[in-house]
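Colleague: I am sharing input-v9.cif, which consists of mmCIF, C-alpha atoms:
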```
data_query
loop_
_atom_site.label_atom_id
_atom_site.label_comp_id
_atom_site.auth_asym_id
_atom_site.auth_seq_id
_atom_site.Cartn_x
_atom_site.Cartn_y
_atom_site.Cartn_z
CA MET A 1 81.74 92.51 29.58
CA THR A 2 80.25 89.57 31.49
CA LEU A 3 78.47 92.03 33.80
CA LEU A 4 77.15 94.02 30.84
CA ILE A 5 75.82 90.94 29.06
CA SER A 6 74.13 89.58 32.20
CA VAL A 7 72.56 93.00 32.94
CA PHE A 8 71.17 93.20 29.39
CA ALA A 9 69.83 89.63 29.72
CA ALA A 10 68.20 90.60 33.05
CA ILE A 11 66.61 93.74 31.55
CA ILE A 12 65.27 91.90 28.48
CA VAL A 13 63.77 89.09 30.59
CA THR A 14 62.27 91.63 33.06
CA VAL A 15 60.57 93.52 30.21
CA LYS A 16 59.29 90.19 28.82
CA TRP A 17 57.99 89.31 32.32
CA TYR A 18 56.23 92.70 32.63
CA ASN A 19 54.43 92.16 29.30
CA ARG A 20 53.48 88.54 30.04
CA LYS A 21 49.95 87.30 29.26
CA ASP A 22 50.04 84.63 31.98
CA ASP A 23 52.57 83.06 34.34
CA SER A 24 52.91 79.74 32.52
CA MET A 25 56.38 80.60 31.18
CA LYS A 26 57.74 81.17 34.72
CA LEU A 27 59.84 84.14 33.58
CA GLY A 28 60.04 85.49 37.14
CA MET A 29 62.57 82.83 38.09
CA LEU A 30 64.76 83.70 35.10
CA CYS A 31 64.59 87.42 36.05
CA PHE A 32 65.80 86.71 39.58
CA LEU A 33 68.50 84.36 38.30
CA TYR A 34 70.00 86.99 35.99
CA TRP A 35 69.57 89.88 38.46
CA GLY A 36 71.22 87.84 41.21
CA ALA A 37 74.21 87.09 38.98
CA SER A 38 74.34 90.72 37.75
CA LEU A 39 74.44 92.07 41.32
CA MET A 40 77.21 89.64 42.23
CA TRP A 41 79.25 90.61 39.17
CA LEU A 42 78.64 94.27 40.00
CA VAL A 43 80.34 93.77 43.38
CA ASP A 44 83.14 91.89 41.62
CA ALA A 45 83.51 94.80 39.18
CA ILE A 46 83.61 97.39 41.99
CA PHE A 47 86.41 95.50 43.75
CA GLU A 48 88.29 95.09 40.48
CA TYR A 49 87.86 98.82 39.75
CA ALA A 50 89.20 99.69 43.21
CA GLU A 51 92.29 97.64 42.39
CA LEU A 52 92.89 98.62 38.76
CA LYS A 53 91.38 102.15 38.69
CA ALA A 54 91.05 103.56 35.11
CA GLU A 55 92.80 100.52 33.66
CA TYR A 56 89.60 98.57 34.40
CA PHE A 57 87.86 100.36 31.51
CA THR A 58 90.57 99.59 28.95
CA PRO A 59 90.81 95.82 28.86
CA ALA A 60 92.88 93.95 26.29
CA LEU A 61 90.94 92.83 23.23
CA GLU A 62 91.63 89.17 23.99
CA ASP A 63 90.31 89.54 27.57
CA MET A 64 87.21 91.33 26.28
CA ALA A 65 86.50 88.57 23.77
CA ASN A 66 86.94 85.92 26.47
CA ASP A 67 84.64 87.82 28.85
CA ALA A 68 82.02 88.23 26.11
CA PHE A 69 82.18 84.51 25.34
CA LEU A 70 81.82 83.79 29.07
CA GLY A 71 78.87 86.22 29.34
CA LEU A 72 77.04 84.53 26.48
CA SER A 73 77.75 81.10 27.98
CA VAL A 74 76.36 82.29 31.32
CA VAL A 75 73.18 83.55 29.61
CA ALA A 76 72.86 80.17 27.84
CA LEU A 77 73.34 78.30 31.14
CA GLY A 78 70.65 80.46 32.79
CA LEU A 79 68.28 79.69 29.91
CA VAL A 80 69.00 75.95 30.18
CA ILE A 81 68.28 76.00 33.96
CA TRP A 82 65.03 77.90 33.31
CA LEU A 83 64.01 75.56 30.47
CA ILE A 84 64.60 72.41 32.54
CA ARG A 85 62.47 73.86 35.36
CA LEU A 86 59.78 74.93 32.87
CA LEU A 87 59.57 71.41 31.41
CA ILE A 88 59.58 69.73 34.84
CA THR A 89 56.92 71.99 36.39
CA ASP A 90 54.93 71.86 33.11
CA ALA A 91 52.48 74.62 34.07
CA LYS A 92 50.72 74.53 30.68
CA GLY A 93 50.50 70.74 30.68
CA SER A 94 52.19 70.58 27.24
CA VAL A 95 54.71 67.93 28.31
CA HIS A 96 51.94 65.89 29.93
CA GLU A 97 49.86 66.09 26.75
CA ALA A 98 52.83 65.19 24.54
CA LEU A 99 53.72 62.18 26.69
CA LYS A 100 50.12 61.00 26.70
CA ASP A 101 50.06 61.26 22.91
CA GLN A 102 51.82 58.04 21.88
CA LYS A 103 52.46 59.17 18.26
CA ASP A 104 55.73 61.13 18.85
CA MET B 105 88.30 82.48 43.85
CA ALA B 106 85.36 81.17 45.84
CA CYS B 107 83.29 84.27 46.60
CA PHE B 108 80.14 82.52 45.34
CA LEU B 109 80.30 80.11 48.31
CA VAL B 110 79.12 82.85 50.70
CA SER B 111 75.96 83.43 48.64
CA ALA B 112 75.49 79.67 48.25
CA ALA B 113 75.69 79.24 52.04
CA GLU B 114 73.13 82.04 52.53
CA ALA B 115 70.95 80.42 49.85
CA VAL B 116 70.94 77.11 51.78
CA VAL B 117 69.84 78.86 54.99
CA VAL B 118 67.20 81.00 53.25
CA THR B 119 65.82 77.95 51.39
CA ALA B 120 65.36 76.13 54.71
CA VAL B 121 63.63 79.19 56.24
CA GLU B 122 61.44 79.57 53.13
CA LYS B 123 60.31 75.92 53.26
CA SER B 124 59.52 76.30 56.96
CA ALA B 125 57.55 79.52 56.35
CA GLU B 126 55.68 77.90 53.46
CA LYS B 127 54.72 74.94 55.65
CA LYS B 128 53.55 77.28 58.41
CA GLU B 129 51.45 79.32 55.98
CA THR B 130 49.72 76.27 54.49
CA THR B 131 48.87 74.82 57.91
CA ASN B 132 47.80 78.18 59.37
CA PRO B 133 46.44 80.42 56.59
CA LYS B 134 45.66 83.83 58.08
CA ALA B 135 45.30 86.05 55.00
CA ASP B 136 41.75 86.88 53.99
CA LYS B 137 42.00 87.27 50.24
CA SER B 138 38.41 88.46 49.83
CA ASN B 139 39.32 91.84 51.35
CA ARG B 140 41.74 93.62 49.01
CA ALA B 141 42.92 96.07 51.69
CA GLU B 142 44.29 93.15 53.69
CA VAL B 143 45.98 91.34 50.81
CA LYS B 144 49.62 90.80 51.69
CA ILE B 145 52.43 89.03 49.92
CA PRO B 146 53.24 85.90 51.95
CA LEU B 147 56.69 85.76 53.54
CA SER B 148 57.43 82.44 51.82
CA ARG B 149 56.88 84.07 48.40
CA LYS B 150 59.22 86.92 49.27
CA LEU B 151 61.83 84.48 50.53
CA LYS B 152 61.50 82.54 47.28
CA TRP B 153 62.60 85.70 45.39
CA LEU B 154 65.69 85.87 47.58
CA THR B 155 66.51 82.18 47.09
CA TYR B 156 66.20 82.54 43.31
CA MET B 157 68.59 85.50 43.33
CA LEU B 158 71.08 83.81 45.65
CA TRP B 159 71.02 80.40 43.93
CA GLY B 160 71.04 81.99 40.47
CA GLY B 161 73.98 84.22 41.30
CA ALA B 162 75.88 81.41 43.04
CA VAL B 163 75.38 78.90 40.20
CA LEU B 164 76.27 81.35 37.43
CA LEU B 165 79.32 82.61 39.34
CA ALA B 166 80.38 79.03 40.05
CA PHE B 167 80.28 78.47 36.29
CA GLU B 168 82.53 81.53 35.84
CA HIS B 169 84.99 80.03 38.34
CA VAL B 170 84.97 76.73 36.45
CA TRP B 171 85.62 78.75 33.26
CA HIS B 172 88.67 80.37 34.86
CA GLY B 173 89.95 77.06 36.25
CA GLU B 174 89.40 78.08 39.90
CA VAL B 175 86.90 75.27 40.51
CA VAL B 176 87.77 71.74 39.39
CA PRO B 177 85.73 68.49 39.46
CA TRP B 178 88.25 66.69 41.71
CA PHE B 179 89.21 67.07 45.39
CA PRO B 180 89.66 69.66 46.94
CA PHE B 181 87.53 71.22 44.13
CA LEU B 182 89.05 74.68 44.67
CA THR B 183 92.50 75.12 43.11
CA ALA B 184 93.33 77.77 45.72
CA MET B 185 93.18 75.08 48.43
CA SER B 186 96.32 73.42 47.04
CA ASN B 187 98.68 75.77 48.91
CA PRO B 188 98.28 77.81 52.12
CA ALA B 189 99.12 81.20 50.52
CA ASP B 190 96.39 80.84 47.88
CA ALA B 191 93.98 79.49 50.50
CA ALA B 192 94.55 82.57 52.69
CA GLU B 193 93.90 84.82 49.69
CA MET B 194 90.74 82.86 48.91
CA PHE B 195 89.41 83.23 52.46
CA HIS B 196 90.18 86.96 52.33
CA GLU B 197 88.23 87.25 49.08
CA MET B 198 85.32 85.34 50.59
CA ALA B 199 85.34 87.66 53.61
CA THR B 200 85.36 90.81 51.47
CA VAL B 201 83.87 90.25 47.99
CA GLY B 202 81.71 87.27 49.01
CA ILE B 203 80.15 89.00 52.02
CA CYS B 204 79.54 92.19 49.98
CA MET B 205 77.77 90.14 47.28
CA ALA B 206 75.49 88.44 49.81
CA VAL B 207 74.77 91.74 51.59
CA LEU B 208 73.99 93.61 48.35
CA ILE B 209 71.57 90.90 47.17
CA THR B 210 69.86 90.88 50.58
CA VAL B 211 69.57 94.69 50.64
CA VAL B 212 68.16 94.76 47.08
CA TRP B 213 65.68 92.02 48.06
CA PHE B 214 64.62 93.98 51.17
CA VAL B 215 64.01 97.16 49.13
CA MET B 216 62.14 95.06 46.53
CA CYS B 217 59.88 93.59 49.23
CA LYS B 218 59.07 97.07 50.58
CA ALA B 219 58.28 98.27 47.03
CA ALA B 220 56.15 95.17 46.35
CA ASP B 221 54.17 95.74 49.58
CA ALA B 222 53.57 99.37 48.58
CA ILE B 223 52.43 98.35 45.07
CA VAL B 224 50.04 95.70 46.44
CA LYS B 225 48.51 98.25 48.83
CA ARG B 226 47.78 100.69 45.96
CA PRO B 227 44.04 101.00 45.32
CA ASP B 228 42.73 99.85 41.90
CA LYS B 229 41.78 103.46 41.05
CA ASP B 230 45.45 104.55 41.18
CA ILE B 231 46.49 101.72 38.87
CA ALA B 232 43.80 102.67 36.35
CA GLN B 233 44.87 106.34 36.41
CA THR B 234 48.52 105.36 35.92
CA ASN B 235 47.54 103.29 32.87
CA ILE B 236 45.63 106.21 31.34
CA ALA B 237 48.57 108.58 31.88
#
```
Go through the file and emit its structure as structure tokens.

Modeller:
Amino acid sequence: MTLLISVFAAIIVTVKWYNRKDDSMKLGMLCFLYWGASLMWLVDAIFEYAELKAEYFTPALEDMANDAFLGLSVVALGLVIWLIRLLITDAKGSVHEALKDQKD
Amino acid sequence: MACFLVSAAEAVVVTAVEKSAEKKETTNPKADKSNRAEVKIPLSRKLKWLTYMLWGGAVLLAFEHVWHGEVVPWFPFLTAMSNPADAAEMFHEMATVGICMAVLITVVWFVMCKAADAIVKRPDKDIAQTNIA
């Protein structure tokens, strides 16, 4: 479930990156982050499949819910890492402008 | 158990190589960007893709290990290190799963670099025809 969620996150971000107008959102980094994690979980899944065989595809409902919760948390963590980098690099200069503007 | 450490170790090495390559490219720029036929993707940029994949995978997998209670914020940080039997199992997992993870990411990156080079070398006419189709 974690693998599936991270793969979907990677695909969605890659499609978003392909349709980008400019590079100010730095989506490339987020693509690599999710694809890297997806590939690593794929290896993990292959090893687990080799151990459990068909049982791998019939997980307990509780395990599936926990894995789904973990997958969503991983996606959220990836987004937080990307957002922090986006704000620090500030390619559009939005943060710089906002900090210069003393009103907020 | 600690399979992400192999990718993290590779990420450290690749980051150092990438910084060195970047420094070399800025002090000795060879690429002539005016001639499209000679446009190449710099090595430092390609290495950056690999570092993003390795660091991203290692950080997100480390989070998974924290989730499962295999990594803790106190010494020795890995719960498997508390007894020799678990430690042996952990090292076995690092040698099998961990190495496979690092190898797969590196192989995917290598294929990606070859594909990127081929795409960059495509003439503009081909790109326009692909868009029409």

Colleague: Apply the PyMOL selection byres ((chain B and resi 119) around 12) to the file shown and report the selected residues as a ChimeraX atom specification.

Modeller: /B:111-118,120-126,148-159

Colleague: Would you mind reading off the distance between atom CA of B:Leu165 and atom CA of A:Trp17, one decimal, in Å?

Modeller: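 Computing the Euclidean distance for atom CA of B:Leu165 and atom CA of A:Trp17 yields 23.4 Å.
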
Colleague: For chain A against chain B, with a cut-off of 7 Å and counting all atoms listed in the file, what is the closest atom pair and its distance in Å to one decimal for every residue that makes the cut, ordered by chain and number, as a tab-separated table?

Modeller:
```
residue	atom	partner	partner_atom	distance
A:Met29	CA	B:Tyr156	CA	6.4
A:Phe32	CA	B:Met157	CA	4.8
A:Leu33	CA	B:Gly160	CA	4.1
A:Tyr34	CA	B:Gly160	CA	6.8
A:Trp35	CA	B:Met157	CA	6.6
A:Gly36	CA	B:Met157	CA	4.1
A:Ala37	CA	B:Gly161	CA	3.7
A:Leu39	CA	B:Ile209	CA	6.6
A:Met40	CA	B:Met205	CA	5.1
A:Val43	CA	B:Met205	CA	5.9
A:Asp44	CA	B:Val201	CA	6.6
A:Val74	CA	B:Leu164	CA	6.2
```

Colleague: What does the PyMOL selection byres ((chain B and resi 105) around 7) select in this file, as a ChimeraX atom specification?

Modeller: /B:106-107,169,174,194

Colleague: In Å to one decimal, how far is atom CA of B:Leu109 from atom CA of A:Gly28?

Modeller: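 Rounded to one decimal, the two atoms are 23.8 Å apart.
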
Colleague: Please return as a list of chain:residue names every residue within 12 Å of (75.7, 96.4, 31.1), taking into account only C-alpha atoms and the file's own coordinates.

Modeller: A:Met1, A:Thr2, A:Leu3, A:Leu4, A:Ile5, A:Ser6, A:Val7, A:Phe8, A:Ala9, A:Ala10, A:Ile11, A:Ile12, A:Trp35, A:Ser38, A:Leu39, A:Trp41, A:Leu42, A:Ala45, A:Ala68, A:Gly71

Colleague: So how far away is atom CA of A:Cys31 from atom CA of A:Thr14, in Å?

Modeller: 5.7 Å
